>>> print(open('protein01.csv').read())   # CSV, N, CA and C atoms
chain,number,residue,atom,x,y,z
A,30,MET,N,250.8,40.2,285.2
A,30,MET,CA,250.9,38.9,285.6
A,30,MET,C,249.5,38.2,285.4
A,31,THR,N,249.5,37.0,284.9
A,31,THR,CA,248.3,36.2,284.7
A,31,THR,C,248.0,35.4,285.9
A,32,HIS,N,246.7,35.0,286.0
A,32,HIS,CA,246.2,34.2,287.1
A,32,HIS,C,245.1,33.3,286.6
A,33,PHE,N,245.4,32.0,286.7
A,33,PHE,CA,244.4,31.0,286.2
A,33,PHE,C,243.4,30.7,287.4
A,34,ARG,N,242.1,30.8,287.1
A,34,ARG,CA,241.2,30.6,288.2
A,34,ARG,C,240.4,29.3,288.0
A,35,GLU,N,239.8,28.9,289.1
A,35,GLU,CA,239.0,27.6,289.1
A,35,GLU,C,237.9,27.6,288.1
A,36,ASP,N,237.3,28.8,287.8
A,36,ASP,CA,236.2,28.9,286.8
A,36,ASP,C,236.6,28.8,285.4
A,37,GLY,N,237.9,28.5,285.1
A,37,GLY,CA,238.4,28.4,283.8
A,37,GLY,C,238.8,29.7,283.1
A,38,LEU,N,238.8,30.8,283.8
A,38,LEU,CA,239.2,32.1,283.3
A,38,LEU,C,240.7,32.3,283.6
A,39,LEU,N,241.4,32.8,282.6
A,39,LEU,CA,242.8,33.2,282.8
A,39,LEU,C,242.8,34.7,282.7
A,40,VAL,N,243.1,35.4,283.8
A,40,VAL,CA,243.1,36.9,283.8
A,40,VAL,C,244.4,37.3,283.1
A,41,TRP,N,244.3,38.3,282.2
A,41,TRP,CA,245.5,38.8,281.5
A,41,TRP,C,245.6,40.3,281.6
A,42,ALA,N,244.5,41.0,282.1
A,42,ALA,CA,244.6,42.4,282.3
A,42,ALA,C,243.4,42.9,283.2
A,43,GLY,N,243.4,44.1,283.6
A,43,GLY,CA,242.4,44.7,284.4
A,43,GLY,C,242.3,46.2,284.2
A,44,THR,N,241.2,46.8,284.6
A,44,THR,CA,241.1,48.2,284.4
A,44,THR,C,241.0,48.9,285.8
A,45,GLU,N,241.1,50.2,285.7
A,45,GLU,CA,240.9,51.0,286.9
A,45,GLU,C,239.5,50.9,287.5
A,46,HIS,N,238.6,50.4,286.7
A,46,HIS,CA,237.2,50.2,287.1
A,46,HIS,C,236.9,48.8,287.7
A,47,GLU,N,238.0,48.1,287.9
A,47,GLU,CA,237.9,46.7,288.4
A,47,GLU,C,237.3,45.7,287.5
A,48,ASP,N,237.2,46.0,286.2
A,48,ASP,CA,236.9,45.0,285.2
A,48,ASP,C,238.1,44.1,285.0
A,49,LEU,N,237.9,42.8,284.8
A,49,LEU,CA,239.0,41.9,284.5
A,49,LEU,C,238.9,41.4,283.1
A,50,TYR,N,239.9,41.5,282.3
A,50,TYR,CA,240.0,40.9,281.0
A,50,TYR,C,240.6,39.5,281.1
A,51,CYS,N,239.9,38.5,280.5
A,51,CYS,CA,240.3,37.1,280.7
A,51,CYS,C,240.2,36.4,279.4
A,52,TRP,N,240.8,35.2,279.4
A,52,TRP,CA,240.5,34.2,278.4
A,52,TRP,C,239.8,33.1,279.0
A,53,ARG,N,238.8,32.6,278.3
A,53,ARG,CA,238.1,31.3,278.8
A,53,ARG,C,239.0,30.2,278.2
A,54,ALA,N,239.7,29.5,279.1
A,54,ALA,CA,240.6,28.5,278.6
A,54,ALA,C,239.9,27.2,278.2
A,55,ASP,N,239.2,27.3,277.1
A,55,ASP,CA,238.5,26.1,276.5
A,55,ASP,C,239.4,25.5,275.4
A,56,GLY,N,239.7,24.2,275.5
A,56,GLY,CA,240.4,23.6,274.5
A,56,GLY,C,241.9,23.7,274.7
A,57,GLU,N,242.6,23.0,273.8
A,57,GLU,CA,244.1,23.0,273.9
A,57,GLU,C,244.8,24.1,273.1
A,58,ASP,N,244.1,24.8,272.3
A,58,ASP,CA,244.7,25.8,271.5
A,58,ASP,C,244.5,27.2,272.0
A,59,PRO,N,245.5,27.8,272.7
A,59,PRO,CA,245.2,29.1,273.3
A,59,PRO,C,244.9,30.2,272.3
A,60,ASP,N,245.3,30.0,271.0
A,60,ASP,CA,245.0,31.0,270.0
A,60,ASP,C,243.5,31.1,269.7
A,61,ARG,N,242.8,30.1,270.2
A,61,ARG,CA,241.3,30.1,270.0
A,61,ARG,C,240.5,30.4,271.2
A,62,TRP,N,241.2,30.7,272.3
A,62,TRP,CA,240.4,31.0,273.5
A,62,TRP,C,239.7,32.3,273.4
A,63,PRO,N,238.4,32.4,273.7
A,63,PRO,CA,237.7,33.7,273.5
A,63,PRO,C,238.0,34.6,274.7
A,64,VAL,N,237.8,35.9,274.5
A,64,VAL,CA,237.9,36.9,275.6
A,64,VAL,C,236.6,36.9,276.4
A,65,VAL,N,236.8,37.0,277.7
A,65,VAL,CA,235.6,37.2,278.6
A,65,VAL,C,236.0,38.4,279.5
A,66,VAL,N,235.1,39.3,279.6
A,66,VAL,CA,235.3,40.4,280.6
A,66,VAL,C,234.4,40.1,281.8
A,67,GLN,N,235.1,40.0,282.9
A,67,GLN,CA,234.3,39.9,284.2
A,67,GLN,C,234.2,41.3,284.7
A,68,SER,N,233.0,41.8,284.6
A,68,SER,CA,232.8,43.2,285.0
A,68,SER,C,232.9,43.4,286.5
A,69,PHE,N,233.0,44.6,287.0
A,69,PHE,CA,233.2,44.9,288.4
A,69,PHE,C,232.0,44.4,289.2
A,70,ASP,N,230.8,44.2,288.6
A,70,ASP,CA,229.7,43.6,289.4
A,70,ASP,C,229.6,42.1,289.3
A,71,GLY,N,230.7,41.4,288.8
A,71,GLY,CA,230.8,40.0,288.7
A,71,GLY,C,230.1,39.3,287.5
A,72,GLU,N,229.6,40.1,286.6
A,72,GLU,CA,229.0,39.5,285.4
A,72,GLU,C,230.1,39.1,284.4
A,73,ASP,N,230.0,37.9,283.8
A,73,ASP,CA,230.9,37.5,282.7
A,73,ASP,C,230.3,37.9,281.4
A,74,VAL,N,231.0,38.6,280.6
A,74,VAL,CA,230.6,39.1,279.3
A,74,VAL,C,231.5,38.5,278.3
A,75,PRO,N,231.1,37.5,277.5
A,75,PRO,CA,231.9,36.8,276.5
A,75,PRO,C,232.0,37.6,275.2
A,76,PHE,N,233.1,37.5,274.5
A,76,PHE,CA,233.4,38.1,273.2
A,76,PHE,C,234.0,37.0,272.3
A,77,ASP,N,233.4,36.9,271.1
A,77,ASP,CA,233.9,35.8,270.2
A,77,ASP,C,235.0,36.4,269.4
A,78,CYS,N,236.2,36.7,270.0
A,78,CYS,CA,237.3,37.2,269.4
A,78,CYS,C,238.5,36.9,270.3
A,79,GLN,N,239.7,37.1,269.7
A,79,GLN,CA,241.0,36.9,270.5
A,79,GLN,C,241.3,38.3,271.0
A,80,ALA,N,242.4,38.3,271.9
A,80,ALA,CA,242.7,39.5,272.6
A,80,ALA,C,243.1,40.7,271.7
A,81,ALA,N,243.9,40.5,270.7
A,81,ALA,CA,244.3,41.6,269.8
A,81,ALA,C,243.1,42.3,269.2
A,82,GLU,N,242.1,41.6,268.7
A,82,GLU,CA,240.9,42.2,268.2
A,82,GLU,C,240.1,42.9,269.3
A,83,PHE,N,240.0,42.3,270.4
A,83,PHE,CA,239.3,42.9,271.5
A,83,PHE,C,239.9,44.3,271.9
A,84,VAL,N,241.3,44.3,272.1
A,84,VAL,CA,241.9,45.5,272.5
A,84,VAL,C,241.8,46.6,271.4
A,85,CYS,N,241.9,46.2,270.1
A,85,CYS,CA,241.7,47.2,269.0
A,85,CYS,C,240.3,47.7,269.1
A,86,ARG,N,239.3,46.9,269.3
A,86,ARG,CA,237.9,47.4,269.3
A,86,ARG,C,237.7,48.3,270.5
A,87,ILE,N,238.2,48.0,271.7
A,87,ILE,CA,237.9,48.9,272.9
A,87,ILE,C,238.6,50.3,272.7
A,88,LEU,N,239.7,50.3,271.9
A,88,LEU,CA,240.4,51.5,271.7
A,88,LEU,C,239.8,52.4,270.5
A,89,THR,N,239.1,51.7,269.6
A,89,THR,CA,238.7,52.4,268.4
A,89,THR,C,237.2,52.5,268.2
A,90,ASP,N,236.4,51.6,268.8
A,90,ASP,CA,235.0,51.5,268.5
A,90,ASP,C,234.2,52.2,269.6
A,91,PRO,N,233.6,53.3,269.4
A,91,PRO,CA,232.9,54.0,270.4
A,91,PRO,C,231.6,53.3,270.8
A,92,HIS,N,231.2,52.3,270.1
A,92,HIS,CA,229.9,51.6,270.4
A,92,HIS,C,230.2,50.3,271.2
A,93,HIS,N,231.5,49.9,271.3
A,93,HIS,CA,231.8,48.7,272.1
A,93,HIS,C,231.4,48.8,273.5
A,94,PRO,N,230.9,47.8,274.1
A,94,PRO,CA,230.4,47.9,275.5
A,94,PRO,C,231.5,48.3,276.5
A,95,PHE,N,232.7,48.0,276.3
A,95,PHE,CA,233.8,48.4,277.2
A,95,PHE,C,234.8,49.4,276.6
A,96,THR,N,234.2,50.2,275.7
A,96,THR,CA,235.1,51.2,274.9
A,96,THR,C,235.8,52.2,275.8
A,97,MET,N,236.9,52.6,275.3
A,97,MET,CA,237.6,53.8,275.8
A,97,MET,C,237.6,54.9,274.8
A,98,ALA,N,237.1,54.5,273.5
A,98,ALA,CA,237.1,55.5,272.4
A,98,ALA,C,236.1,56.6,272.7
A,99,ARG,N,235.2,56.5,273.5
A,99,ARG,CA,234.3,57.6,273.8
A,99,ARG,C,235.0,58.7,274.6
A,100,TYR,N,236.0,58.3,275.3
A,100,TYR,CA,236.7,59.3,276.2
A,100,TYR,C,237.9,59.9,275.7
A,101,PHE,N,238.5,59.3,274.6
A,101,PHE,CA,239.7,59.8,274.1
A,101,PHE,C,239.6,60.0,272.6
A,102,ASP,N,240.1,61.1,272.0
A,102,ASP,CA,240.0,61.2,270.6
A,102,ASP,C,241.4,60.8,269.9
A,103,THR,N,242.3,60.5,270.7
A,103,THR,CA,243.6,60.0,270.2
A,103,THR,C,244.2,59.0,271.2
A,104,HIS,N,245.1,58.2,270.8
A,104,HIS,CA,245.8,57.2,271.6
A,104,HIS,C,247.3,57.4,271.5
A,105,TRP,N,248.0,57.0,272.6
A,105,TRP,CA,249.4,57.1,272.6
A,105,TRP,C,250.0,56.0,273.4
A,106,LEU,N,251.2,55.7,273.2
A,106,LEU,CA,251.9,54.7,274.0
A,106,LEU,C,253.0,55.5,274.8
A,107,MET,N,253.1,55.0,276.1
A,107,MET,CA,254.1,55.6,276.9
A,107,MET,C,255.2,54.6,277.3
A,108,ASN,N,256.4,55.1,277.4
A,108,ASN,CA,257.5,54.3,277.8
A,108,ASN,C,257.7,54.5,279.3
A,109,TYR,N,257.6,53.4,280.0
A,109,TYR,CA,257.8,53.6,281.5
A,109,TYR,C,259.2,53.3,282.0
A,110,ARG,N,260.1,53.0,281.0
A,110,ARG,CA,261.5,52.8,281.4
A,110,ARG,C,262.1,54.2,281.8
A,111,GLU,N,262.9,54.2,282.8
A,111,GLU,CA,263.5,55.4,283.1
A,111,GLU,C,264.6,55.8,282.1
A,112,SER,N,264.7,57.0,281.7
A,112,SER,CA,265.7,57.4,280.7
A,112,SER,C,267.0,57.6,281.4
A,113,GLY,N,268.1,57.5,280.7
A,113,GLY,CA,269.4,57.8,281.2
A,113,GLY,C,270.2,56.7,281.5
>>> encode(input="protein01.csv", output="structure tokens")
Amino acid sequence: MTHFREDGLLVWAGTEHEDLYCWRADGEDPDRWPVVVQSFDGEDVPFDCQAAEFVCRILTDPHHPFTMARYFDTHWLMNYRESG
């Protein structure tokens, strides 16, 4: 679920470490909104990219500041629908 905040950030995801992944809702074209990570300590860290590139980089780039690639050598998708 997304949540638009008074500071102009639209939250679209979060982590178990309490980091929030947001868009800075600047301008009328949502395809151009940059990603901002609000870290657990309240710091806003902007990225000059859209969400798809950001997610790709945190999954594959071990040098990205919010990477998961350092902790996993493979990725997988899970289906949370109940079978049957």
>>> closest_residue(input="protein01.csv", among="A:Asp73, A:Val66, A:Gly56, A:Asp36", to="Ile87 of chain A", atoms="only C-alpha atoms")
A:Val66
>>> atom_distance(input="protein01.csv", atom1="atom CA of Arg99 of chain A", atom2="atom CA of Gln79 of chain A")
22.0 Å
>>> closest_residue(input="protein01.csv", among="A:Ala80, A:Ala54, A:Leu88, A:Ala98", to="Leu38 of chain A", atoms="all atoms listed in the file")
A:Ala54
>>> select_by_dssp(input="protein01.csv", residues="chain A", states="strand (DSSP E or B)", output="ChimeraX atom specification")
/A:32-33,38-43,49-53,64-67,73-76
>>> closest_residue(input="protein01.csv", among="A:Arg86, A:Tyr100, A:Glu72, A:Val65", to="Leu49 of chain A", atoms="all atoms listed in the file")
A:Val65
>>> select_by_dssp(input="protein01.csv", residues="chain A", states="helix (DSSP H, G or I)", output="ChimeraX atom specification")
/A:59-61,80-89
>>> write_last_selection(input="protein01.csv", atoms="N, CA and C atoms", output="JSON list (two decimals), in the frame of the given file")
[["chain", "number", "residue", "atom", "x", "y", "z"],
["A", 59, "PRO", "N", 245.50, 27.80, 272.70],
["A", 59, "PRO", "CA", 245.20, 29.10, 273.30],
["A", 59, "PRO", "C", 244.90, 30.20, 272.30],
["A", 60, "ASP", "N", 245.30, 30.00, 271.00],
["A", 60, "ASP", "CA", 245.00, 31.00, 270.00],
["A", 60, "ASP", "C", 243.50, 31.10, 269.70],
["A", 61, "ARG", "N", 242.80, 30.10, 270.20],
["A", 61, "ARG", "CA", 241.30, 30.10, 270.00],
["A", 61, "ARG", "C", 240.50, 30.40, 271.20],
["A", 80, "ALA", "N", 242.40, 38.30, 271.90],
["A", 80, "ALA", "CA", 242.70, 39.50, 272.60],
["A", 80, "ALA", "C", 243.10, 40.70, 271.70],
["A", 81, "ALA", "N", 243.90, 40.50, 270.70],
["A", 81, "ALA", "CA", 244.30, 41.60, 269.80],
["A", 81, "ALA", "C", 243.10, 42.30, 269.20],
["A", 82, "GLU", "N", 242.10, 41.60, 268.70],
["A", 82, "GLU", "CA", 240.90, 42.20, 268.20],
["A", 82, "GLU", "C", 240.10, 42.90, 269.30],
["A", 83, "PHE", "N", 240.00, 42.30, 270.40],
["A", 83, "PHE", "CA", 239.30, 42.90, 271.50],
["A", 83, "PHE", "C", 239.90, 44.30, 271.90],
["A", 84, "VAL", "N", 241.30, 44.30, 272.10],
["A", 84, "VAL", "CA", 241.90, 45.50, 272.50],
["A", 84, "VAL", "C", 241.80, 46.60, 271.40],
["A", 85, "CYS", "N", 241.90, 46.20, 270.10],
["A", 85, "CYS", "CA", 241.70, 47.20, 269.00],
["A", 85, "CYS", "C", 240.30, 47.70, 269.10],
["A", 86, "ARG", "N", 239.30, 46.90, 269.30],
["A", 86, "ARG", "CA", 237.90, 47.40, 269.30],
["A", 86, "ARG", "C", 237.70, 48.30, 270.50],
["A", 87, "ILE", "N", 238.20, 48.00, 271.70],
["A", 87, "ILE", "CA", 237.90, 48.90, 272.90],
["A", 87, "ILE", "C", 238.60, 50.30, 272.70],
["A", 88, "LEU", "N", 239.70, 50.30, 271.90],
["A", 88, "LEU", "CA", 240.40, 51.50, 271.70],
["A", 88, "LEU", "C", 239.80, 52.40, 270.50],
["A", 89, "THR", "N", 239.10, 51.70, 269.60],
["A", 89, "THR", "CA", 238.70, 52.40, 268.40],
["A", 89, "THR", "C", 237.20, 52.50, 268.20]]
>>> build_atoms(input="protein01.csv", residues="segment 77-100 of chain A", atoms="N, CA, C and O atoms", output="PDB file, in the coordinates of the input")
ATOM      1  N   ASP A  77     233.400  36.900 271.100  1.00  0.00           N
ATOM      2  CA  ASP A  77     233.900  35.800 270.200  1.00  0.00           C
ATOM      3  C   ASP A  77     235.000  36.400 269.400  1.00  0.00           C
ATOM      4  O   ASP A  77     234.923  36.621 268.155  1.00  0.00           O
ATOM      5  N   CYS A  78     236.200  36.700 270.000  1.00  0.00           N
ATOM      6  CA  CYS A  78     237.300  37.200 269.400  1.00  0.00           C
ATOM      7  C   CYS A  78     238.500  36.900 270.300  1.00  0.00           C
ATOM      8  O   CYS A  78     238.404  36.585 271.441  1.00  0.00           O
ATOM      9  N   GLN A  79     239.700  37.100 269.700  1.00  0.00           N
ATOM     10  CA  GLN A  79     241.000  36.900 270.500  1.00  0.00           C
ATOM     11  C   GLN A  79     241.300  38.300 271.000  1.00  0.00           C
ATOM     12  O   GLN A  79     240.735  39.331 270.750  1.00  0.00           O
ATOM     13  N   ALA A  80     242.400  38.300 271.900  1.00  0.00           N
ATOM     14  CA  ALA A  80     242.700  39.500 272.600  1.00  0.00           C
ATOM     15  C   ALA A  80     243.100  40.700 271.700  1.00  0.00           C
ATOM     16  O   ALA A  80     242.736  41.820 272.036  1.00  0.00           O
ATOM     17  N   ALA A  81     243.900  40.500 270.700  1.00  0.00           N
ATOM     18  CA  ALA A  81     244.300  41.600 269.800  1.00  0.00           C
ATOM     19  C   ALA A  81     243.100  42.300 269.200  1.00  0.00           C
ATOM     20  O   ALA A  81     243.038  43.560 269.245  1.00  0.00           O
ATOM     21  N   GLU A  82     242.100  41.600 268.700  1.00  0.00           N
ATOM     22  CA  GLU A  82     240.900  42.200 268.200  1.00  0.00           C
ATOM     23  C   GLU A  82     240.100  42.900 269.300  1.00  0.00           C
ATOM     24  O   GLU A  82     239.640  44.049 269.073  1.00  0.00           O
ATOM     25  N   PHE A  83     240.000  42.300 270.400  1.00  0.00           N
ATOM     26  CA  PHE A  83     239.300  42.900 271.500  1.00  0.00           C
ATOM     27  C   PHE A  83     239.900  44.300 271.900  1.00  0.00           C
ATOM     28  O   PHE A  83     239.234  45.276 272.066  1.00  0.00           O
ATOM     29  N   VAL A  84     241.300  44.300 272.100  1.00  0.00           N
ATOM     30  CA  VAL A  84     241.900  45.500 272.500  1.00  0.00           C
ATOM     31  C   VAL A  84     241.800  46.600 271.400  1.00  0.00           C
ATOM     32  O   VAL A  84     241.500  47.762 271.690  1.00  0.00           O
ATOM     33  N   CYS A  85     241.900  46.200 270.100  1.00  0.00           N
ATOM     34  CA  CYS A  85     241.700  47.200 269.000  1.00  0.00           C
ATOM     35  C   CYS A  85     240.300  47.700 269.100  1.00  0.00           C
ATOM     36  O   CYS A  85     240.137  48.963 268.944  1.00  0.00           O
ATOM     37  N   ARG A  86     239.300  46.900 269.300  1.00  0.00           N
ATOM     38  CA  ARG A  86     237.900  47.400 269.300  1.00  0.00           C
ATOM     39  C   ARG A  86     237.700  48.300 270.500  1.00  0.00           C
ATOM     40  O   ARG A  86     236.971  49.337 270.380  1.00  0.00           O
ATOM     41  N   ILE A  87     238.200  48.000 271.700  1.00  0.00           N
ATOM     42  CA  ILE A  87     237.900  48.900 272.900  1.00  0.00           C
ATOM     43  C   ILE A  87     238.600  50.300 272.700  1.00  0.00           C
ATOM     44  O   ILE A  87     238.198  51.254 273.245  1.00  0.00           O
ATOM     45  N   LEU A  88     239.700  50.300 271.900  1.00  0.00           N
ATOM     46  CA  LEU A  88     240.400  51.500 271.700  1.00  0.00           C
ATOM     47  C   LEU A  88     239.800  52.400 270.500  1.00  0.00           C
ATOM     48  O   LEU A  88     239.994  53.574 270.504  1.00  0.00           O
ATOM     49  N   THR A  89     239.100  51.700 269.600  1.00  0.00           N
ATOM     50  CA  THR A  89     238.700  52.400 268.400  1.00  0.00           C
ATOM     51  C   THR A  89     237.200  52.500 268.200  1.00  0.00           C
ATOM     52  O   THR A  89     236.691  53.371 267.465  1.00  0.00           O
ATOM     53  N   ASP A  90     236.400  51.600 268.800  1.00  0.00           N
ATOM     54  CA  ASP A  90     235.000  51.500 268.500  1.00  0.00           C
ATOM     55  C   ASP A  90     234.200  52.200 269.600  1.00  0.00           C
ATOM     56  O   ASP A  90     234.065  51.612 270.698  1.00  0.00           O
ATOM     57  N   PRO A  91     233.600  53.300 269.400  1.00  0.00           N
ATOM     58  CA  PRO A  91     232.900  54.000 270.400  1.00  0.00           C
ATOM     59  C   PRO A  91     231.600  53.300 270.800  1.00  0.00           C
ATOM     60  O   PRO A  91     231.020  53.686 271.865  1.00  0.00           O
ATOM     61  N   HIS A  92     231.200  52.300 270.100  1.00  0.00           N
ATOM     62  CA  HIS A  92     229.900  51.600 270.400  1.00  0.00           C
ATOM     63  C   HIS A  92     230.200  50.300 271.200  1.00  0.00           C
ATOM     64  O   HIS A  92     229.244  49.571 271.534  1.00  0.00           O
ATOM     65  N   HIS A  93     231.500  49.900 271.300  1.00  0.00           N
ATOM     66  CA  HIS A  93     231.800  48.700 272.100  1.00  0.00           C
ATOM     67  C   HIS A  93     231.400  48.800 273.500  1.00  0.00           C
ATOM     68  O   HIS A  93     231.559  49.911 274.095  1.00  0.00           O
ATOM     69  N   PRO A  94     230.900  47.800 274.100  1.00  0.00           N
ATOM     70  CA  PRO A  94     230.400  47.900 275.500  1.00  0.00           C
ATOM     71  C   PRO A  94     231.500  48.300 276.500  1.00  0.00           C
ATOM     72  O   PRO A  94     231.139  48.855 277.603  1.00  0.00           O
ATOM     73  N   PHE A  95     232.700  48.000 276.300  1.00  0.00           N
ATOM     74  CA  PHE A  95     233.800  48.400 277.200  1.00  0.00           C
ATOM     75  C   PHE A  95     234.800  49.400 276.600  1.00  0.00           C
ATOM     76  O   PHE A  95     235.943  49.396 276.878  1.00  0.00           O
ATOM     77  N   THR A  96     234.200  50.200 275.700  1.00  0.00           N
ATOM     78  CA  THR A  96     235.100  51.200 274.900  1.00  0.00           C
ATOM     79  C   THR A  96     235.800  52.200 275.800  1.00  0.00           C
ATOM     80  O   THR A  96     235.321  52.576 276.857  1.00  0.00           O
ATOM     81  N   MET A  97     236.900  52.600 275.300  1.00  0.00           N
ATOM     82  CA  MET A  97     237.600  53.800 275.800  1.00  0.00           C
ATOM     83  C   MET A  97     237.600  54.900 274.800  1.00  0.00           C
ATOM     84  O   MET A  97     237.954  55.996 275.018  1.00  0.00           O
ATOM     85  N   ALA A  98     237.100  54.500 273.500  1.00  0.00           N
ATOM     86  CA  ALA A  98     237.100  55.500 272.400  1.00  0.00           C
ATOM     87  C   ALA A  98     236.100  56.600 272.700  1.00  0.00           C
ATOM     88  O   ALA A  98     236.315  57.701 272.076  1.00  0.00           O
ATOM     89  N   ARG A  99     235.200  56.500 273.500  1.00  0.00           N
ATOM     90  CA  ARG A  99     234.300  57.600 273.800  1.00  0.00           C
ATOM     91  C   ARG A  99     235.000  58.700 274.600  1.00  0.00           C
ATOM     92  O   ARG A  99     234.533  59.837 274.647  1.00  0.00           O
ATOM     93  N   TYR A 100     236.000  58.300 275.300  1.00  0.00           N
ATOM     94  CA  TYR A 100     236.700  59.300 276.200  1.00  0.00           C
ATOM     95  C   TYR A 100     237.900  59.900 275.700  1.00  0.00           C
ATOM     96  O   TYR A 100     238.421  60.854 276.251  1.00  0.00           O
TER      97      TYR A 100
END
